[in-house]
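Everything below belongs to work.pdb, which stores PDB, N, CA and C atoms.
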```pdb
ATOM      1  N   MET A   1       7.594  15.044   8.258
ATOM      2  CA  MET A   1       6.983  16.264   7.794
ATOM      3  C   MET A   1       5.652  15.992   7.107
ATOM      4  N   GLY A   2       5.515  14.787   6.548
ATOM      5  CA  GLY A   2       4.286  14.438   5.856
ATOM      6  C   GLY A   2       3.214  13.913   6.783
ATOM      7  N   GLY A   3       3.493  13.837   8.065
ATOM      8  CA  GLY A   3       2.481  13.420   9.024
ATOM      9  C   GLY A   3       2.537  11.952   9.389
ATOM     10  N   GLY A   4       3.482  11.200   8.818
ATOM     11  CA  GLY A   4       3.582   9.786   9.165
ATOM     12  C   GLY A   4       4.175   9.610  10.549
ATOM     13  N   SER A   5       3.693   8.617  11.282
ATOM     14  CA  SER A   5       4.206   8.399  12.624
ATOM     15  C   SER A   5       5.181   7.243  12.695
ATOM     16  N   SER A   6       5.084   6.302  11.766
ATOM     17  CA  SER A   6       6.014   5.178  11.784
ATOM     18  C   SER A   6       6.016   4.471  10.440
ATOM     19  N   VAL A   7       7.073   3.727  10.219
ATOM     20  CA  VAL A   7       7.195   2.930   9.003
ATOM     21  C   VAL A   7       7.507   1.515   9.424
ATOM     22  N   ARG A   8       6.766   0.576   8.877
ATOM     23  CA  ARG A   8       7.003  -0.830   9.191
ATOM     24  C   ARG A   8       7.108  -1.611   7.895
ATOM     25  N   HIS A   9       7.968  -2.568   7.877
ATOM     26  CA  HIS A   9       8.109  -3.443   6.722
ATOM     27  C   HIS A   9       7.539  -4.792   7.114
ATOM     28  N   PHE A  10       6.514  -5.213   6.425
ATOM     29  CA  PHE A  10       5.876  -6.487   6.715
ATOM     30  C   PHE A  10       6.484  -7.558   5.838
ATOM     31  N   GLN A  11       7.035  -8.577   6.461
ATOM     32  CA  GLN A  11       7.608  -9.706   5.738
ATOM     33  C   GLN A  11       6.756 -10.918   6.058
ATOM     34  N   ALA A  12       6.015 -11.383   5.060
ATOM     35  CA  ALA A  12       5.151 -12.546   5.274
ATOM     36  C   ALA A  12       5.989 -13.810   5.354
ATOM     37  N   ASP A  13       5.631 -14.698   6.268
ATOM     38  CA  ASP A  13       6.260 -16.011   6.311
ATOM     39  C   ASP A  13       5.834 -16.787   5.080
ATOM     40  N   LYS A  14       6.600 -17.800   4.733
ATOM     41  CA  LYS A  14       6.243 -18.619   3.568
ATOM     42  C   LYS A  14       4.872 -19.250   3.730
ATOM     43  N   ASP A  15       4.533 -19.639   4.961
ATOM     44  CA  ASP A  15       3.271 -20.329   5.205
ATOM     45  C   ASP A  15       2.144 -19.400   5.643
ATOM     46  N   SER A  16       2.438 -18.117   5.774
ATOM     47  CA  SER A  16       1.431 -17.189   6.286
ATOM     48  C   SER A  16       1.489 -15.874   5.532
ATOM     49  N   SER A  17       0.325 -15.314   5.270
ATOM     50  CA  SER A  17       0.266 -13.999   4.647
ATOM     51  C   SER A  17      -0.656 -13.082   5.443
ATOM     52  N   ASP A  18      -0.924 -13.468   6.685
ATOM     53  CA  ASP A  18      -1.826 -12.682   7.518
ATOM     54  C   ASP A  18      -1.191 -11.356   7.906
ATOM     55  N   ILE A  19      -1.930 -10.301   7.690
ATOM     56  CA  ILE A  19      -1.528  -8.975   8.126
ATOM     57  C   ILE A  19      -2.242  -8.734   9.445
ATOM     58  N   PRO A  20      -1.510  -8.413  10.504
ATOM     59  CA  PRO A  20      -2.169  -8.205  11.794
ATOM     60  C   PRO A  20      -3.270  -7.146  11.707
ATOM     61  N   ALA A  21      -4.448  -7.477  12.192
ATOM     62  CA  ALA A  21      -5.599  -6.579  12.118
ATOM     63  C   ALA A  21      -5.344  -5.296  12.890
ATOM     64  N   GLY A  22      -5.708  -4.176  12.271
ATOM     65  CA  GLY A  22      -5.624  -2.880  12.919
ATOM     66  C   GLY A  22      -4.223  -2.324  13.072
ATOM     67  N   LYS A  23      -3.246  -2.971  12.489
ATOM     68  CA  LYS A  23      -1.866  -2.542  12.691
ATOM     69  C   LYS A  23      -1.375  -1.602  11.594
ATOM     70  N   TYR A  24      -1.956  -1.666  10.424
ATOM     71  CA  TYR A  24      -1.483  -0.871   9.288
ATOM     72  C   TYR A  24      -2.596   0.017   8.736
ATOM     73  N   ASP A  25      -2.207   1.230   8.313
ATOM     74  CA  ASP A  25      -3.158   2.162   7.714
ATOM     75  C   ASP A  25      -3.164   2.060   6.201
ATOM     76  N   VAL A  26      -2.043   1.626   5.639
ATOM     77  CA  VAL A  26      -1.906   1.545   4.190
ATOM     78  C   VAL A  26      -0.802   0.529   3.877
ATOM     79  N   VAL A  27      -0.917  -0.143   2.738
ATOM     80  CA  VAL A  27       0.115  -1.058   2.271
ATOM     81  C   VAL A  27       0.687  -0.483   0.978
ATOM     82  N   VAL A  28       1.987  -0.201   0.976
ATOM     83  CA  VAL A  28       2.670   0.299  -0.213
ATOM     84  C   VAL A  28       3.306  -0.905  -0.887
ATOM     85  N   THR A  29       2.849  -1.195  -2.107
ATOM     86  CA  THR A  29       3.310  -2.390  -2.811
ATOM     87  C   THR A  29       3.211  -2.168  -4.313
ATOM     88  N   ASP A  30       3.443  -3.208  -5.067
ATOM     89  CA  ASP A  30       3.371  -3.112  -6.523
ATOM     90  C   ASP A  30       2.769  -4.396  -7.090
ATOM     91  N   LEU A  31       3.001  -4.643  -8.371
ATOM     92  CA  LEU A  31       2.434  -5.826  -9.020
ATOM     93  C   LEU A  31       2.929  -7.134  -8.416
ATOM     94  N   ALA A  32       4.031  -7.096  -7.691
ATOM     95  CA  ALA A  32       4.589  -8.303  -7.081
ATOM     96  C   ALA A  32       3.902  -8.678  -5.766
ATOM     97  N   CYS A  33       2.902  -7.921  -5.366
ATOM     98  CA  CYS A  33       2.190  -8.207  -4.121
ATOM     99  C   CYS A  33       1.556  -9.605  -4.200
ATOM    100  N   PRO A  34       1.882 -10.482  -3.240
ATOM    101  CA  PRO A  34       1.280 -11.816  -3.254
ATOM    102  C   PRO A  34      -0.249 -11.733  -3.150
ATOM    103  N   PRO A  35      -0.953 -12.549  -3.920
ATOM    104  CA  PRO A  35      -2.423 -12.500  -3.900
ATOM    105  C   PRO A  35      -3.029 -12.661  -2.507
ATOM    106  N   LEU A  36      -2.444 -13.488  -1.666
ATOM    107  CA  LEU A  36      -3.009 -13.667  -0.326
ATOM    108  C   LEU A  36      -2.826 -12.425   0.542
ATOM    109  N   VAL A  37      -1.731 -11.712   0.368
ATOM    110  CA  VAL A  37      -1.529 -10.453   1.103
ATOM    111  C   VAL A  37      -2.546  -9.428   0.612
ATOM    112  N   GLU A  38      -2.728  -9.366  -0.705
ATOM    113  CA  GLU A  38      -3.715  -8.448  -1.284
ATOM    114  C   GLU A  38      -5.113  -8.759  -0.754
ATOM    115  N   LYS A  39      -5.473 -10.015  -0.735
ATOM    116  CA  LYS A  39      -6.801 -10.419  -0.247
ATOM    117  C   LYS A  39      -6.969 -10.061   1.227
ATOM    118  N   ASN A  40      -5.931 -10.308   2.027
ATOM    119  CA  ASN A  40      -5.994 -10.018   3.454
ATOM    120  C   ASN A  40      -6.132  -8.526   3.710
ATOM    121  N   ALA A  41      -5.342  -7.723   3.016
ATOM    122  CA  ALA A  41      -5.418  -6.268   3.191
ATOM    123  C   ALA A  41      -6.784  -5.744   2.753
ATOM    124  N   THR A  42      -7.261  -6.237   1.621
ATOM    125  CA  THR A  42      -8.560  -5.803   1.102
ATOM    126  C   THR A  42      -9.684  -6.170   2.070
ATOM    127  N   SER A  43      -9.615  -7.362   2.653
ATOM    128  CA  SER A  43     -10.669  -7.779   3.588
ATOM    129  C   SER A  43     -10.683  -6.913   4.846
ATOM    130  N   GLN A  44      -9.542  -6.316   5.189
ATOM    131  CA  GLN A  44      -9.466  -5.423   6.348
ATOM    132  C   GLN A  44      -9.661  -3.961   5.949
ATOM    133  N   GLU A  45      -9.983  -3.735   4.682
ATOM    134  CA  GLU A  45     -10.182  -2.392   4.144
ATOM    135  C   GLU A  45      -8.930  -1.531   4.298
ATOM    136  N   VAL A  46      -7.758  -2.151   4.165
ATOM    137  CA  VAL A  46      -6.486  -1.439   4.178
ATOM    138  C   VAL A  46      -6.142  -1.126   2.722
ATOM    139  N   PRO A  47      -5.999   0.143   2.368
ATOM    140  CA  PRO A  47      -5.705   0.501   0.980
ATOM    141  C   PRO A  47      -4.345  -0.030   0.526
ATOM    142  N   LEU A  48      -4.296  -0.519  -0.698
ATOM    143  CA  LEU A  48      -3.055  -0.939  -1.347
ATOM    144  C   LEU A  48      -2.701   0.149  -2.349
ATOM    145  N   VAL A  49      -1.529   0.738  -2.197
ATOM    146  CA  VAL A  49      -1.110   1.832  -3.066
ATOM    147  C   VAL A  49       0.289   1.567  -3.622
ATOM    148  N   SER A  50       0.630   2.296  -4.661
ATOM    149  CA  SER A  50       1.936   2.143  -5.297
ATOM    150  C   SER A  50       2.988   3.019  -4.606
ATOM    151  N   PRO A  51       4.264   2.714  -4.843
ATOM    152  CA  PRO A  51       5.310   3.598  -4.332
ATOM    153  C   PRO A  51       5.175   5.029  -4.872
ATOM    154  N   GLU A  52       4.587   5.179  -6.052
ATOM    155  CA  GLU A  52       4.366   6.516  -6.625
ATOM    156  C   GLU A  52       3.474   7.349  -5.709
ATOM    157  N   TRP A  53       2.451   6.736  -5.139
ATOM    158  CA  TRP A  53       1.572   7.446  -4.200
ATOM    159  C   TRP A  53       2.388   7.955  -3.008
ATOM    160  N   LEU A  54       3.246   7.094  -2.476
ATOM    161  CA  LEU A  54       4.064   7.479  -1.329
ATOM    162  C   LEU A  54       4.998   8.633  -1.683
ATOM    163  N   MET A  55       5.676   8.530  -2.807
ATOM    164  CA  MET A  55       6.607   9.598  -3.213
ATOM    165  C   MET A  55       5.887  10.924  -3.421
ATOM    166  N   GLN A  56       4.749  10.904  -4.099
ATOM    167  CA  GLN A  56       4.015  12.141  -4.350
ATOM    168  C   GLN A  56       3.450  12.726  -3.063
ATOM    169  N   SER A  57       3.052  11.889  -2.132
ATOM    170  CA  SER A  57       2.568  12.380  -0.839
ATOM    171  C   SER A  57       3.680  13.091  -0.080
ATOM    172  N   VAL A  58       4.889  12.522  -0.118
ATOM    173  CA  VAL A  58       6.031  13.152   0.555
ATOM    174  C   VAL A  58       6.385  14.468  -0.133
ATOM    175  N   ILE A  59       6.436  14.458  -1.462
ATOM    176  CA  ILE A  59       6.770  15.680  -2.212
ATOM    177  C   ILE A  59       5.779  16.795  -1.910
ATOM    178  N   ARG A  60       4.493  16.469  -1.879
ATOM    179  CA  ARG A  60       3.469  17.491  -1.655
ATOM    180  C   ARG A  60       3.277  17.830  -0.187
ATOM    181  N   GLY A  61       3.807  17.001   0.697
ATOM    182  CA  GLY A  61       3.693  17.277   2.121
ATOM    183  C   GLY A  61       2.320  16.998   2.695
ATOM    184  N   GLU A  62       1.573  16.128   2.040
ATOM    185  CA  GLU A  62       0.246  15.754   2.532
ATOM    186  C   GLU A  62      -0.103  14.358   2.035
ATOM    187  N   ARG A  63      -0.992  13.702   2.752
ATOM    188  CA  ARG A  63      -1.428  12.380   2.321
ATOM    189  C   ARG A  63      -2.458  12.545   1.211
ATOM    190  N   LEU A  64      -2.068  12.124   0.025
ATOM    191  CA  LEU A  64      -2.964  12.237  -1.123
ATOM    192  C   LEU A  64      -4.052  11.179  -1.051
ATOM    193  N   ALA A  65      -5.143  11.423  -1.771
ATOM    194  CA  ALA A  65      -6.206  10.420  -1.856
ATOM    195  C   ALA A  65      -5.615   9.158  -2.465
ATOM    196  N   PHE A  66      -5.945   8.021  -1.898
ATOM    197  CA  PHE A  66      -5.326   6.765  -2.290
ATOM    198  C   PHE A  66      -5.447   6.436  -3.777
ATOM    199  N   HIS A  67      -6.582   6.716  -4.357
ATOM    200  CA  HIS A  67      -6.772   6.356  -5.759
ATOM    201  C   HIS A  67      -7.212   7.556  -6.589
ATOM    202  N   SER A  68      -6.643   8.719  -6.268
ATOM    203  CA  SER A  68      -7.000   9.921  -7.021
ATOM    204  C   SER A  68      -6.382   9.930  -8.419
ATOM    205  N   LYS A  69      -5.374   9.103  -8.645
ATOM    206  CA  LYS A  69      -4.769   8.946  -9.966
ATOM    207  C   LYS A  69      -4.542   7.464 -10.210
ATOM    208  N   PRO A  70      -4.682   7.012 -11.438
ATOM    209  CA  PRO A  70      -4.460   5.582 -11.729
ATOM    210  C   PRO A  70      -3.067   5.109 -11.305
ATOM    211  N   GLN A  71      -2.064   5.991 -11.386
ATOM    212  CA  GLN A  71      -0.694   5.624 -11.036
ATOM    213  C   GLN A  71      -0.529   5.294  -9.552
ATOM    214  N   TYR A  72      -1.488   5.635  -8.733
ATOM    215  CA  TYR A  72      -1.404   5.377  -7.303
ATOM    216  C   TYR A  72      -1.907   3.982  -6.930
ATOM    217  N   ARG A  73      -2.513   3.296  -7.894
ATOM    218  CA  ARG A  73      -2.977   1.935  -7.635
ATOM    219  C   ARG A  73      -1.773   0.998  -7.589
ATOM    220  N   HIS A  74      -1.805   0.055  -6.680
ATOM    221  CA  HIS A  74      -0.668  -0.867  -6.543
ATOM    222  C   HIS A  74      -0.499  -1.755  -7.770
ATOM    223  N   ASP A  75      -1.574  -1.960  -8.507
ATOM    224  CA  ASP A  75      -1.522  -2.848  -9.678
ATOM    225  C   ASP A  75      -1.467  -2.070 -10.993
ATOM    226  N   TYR A  76      -1.090  -0.807 -10.928
ATOM    227  CA  TYR A  76      -1.023   0.025 -12.136
ATOM    228  C   TYR A  76       0.111  -0.440 -13.061
ATOM    229  N   SER A  77      -0.190  -0.458 -14.336
ATOM    230  CA  SER A  77       0.817  -0.766 -15.353
ATOM    231  C   SER A  77       0.652   0.253 -16.478
ATOM    232  N   SER A  78       1.733   0.874 -16.889
ATOM    233  CA  SER A  78       1.652   1.900 -17.929
ATOM    234  C   SER A  78       1.474   1.293 -19.319
ATOM    235  N   SER A  79       1.573   0.000 -19.422
ATOM    236  CA  SER A  79       1.430  -0.659 -20.736
ATOM    237  C   SER A  79       0.000  -0.825 -21.124
TER
END
```
Could you show the structure in this file as structure tokens?
Amino acid sequence: MGGGSSVRHFQADKDSSDIPAGKYDVVVTDLACPPLVEKNATSQEVPLVSPEWLMQSVIRGERLAFHSKPQYRHDYSSS
């Protein structure tokens, strides 16, 4: 209903953190995101967002702006 066409779970190998180019539109992650995955996604201009962004997008029925609120950043900490 929110317009998503598929969901994929990316599991990086221990020796690899490469995200296949052009395969993902967004990475939903949190503070536990490995630095190499973050670097790879950023270099491909793939937005890294928090699970809060995903939940609010589903609740509102639309894809929200990736960083319209600080809580939508994957590295957000309320402390």
Picked residues, the PyMOL selection byres (((chain A and resi 66-72 and name CA) around 6) and name CA), as a PyMOL selection string
chain A and resi 49-50+52-53+65+73+76
Can you list what the PyMOL selection byres ((chain A and resi 31-48) around 8) grabs from this structure, as a PyMOL selection string?
chain A and resi 16-19+21-22+24-30+49-51+66-67+72-77
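Here atom N of Val58 in chain A and atom C of Lys23 in chain A stand 19.4 Å from one another.
Taking atom C of Ile59 in chain A as the reference point, atom N of Pro20 in chain A is found at 29.0 Å.
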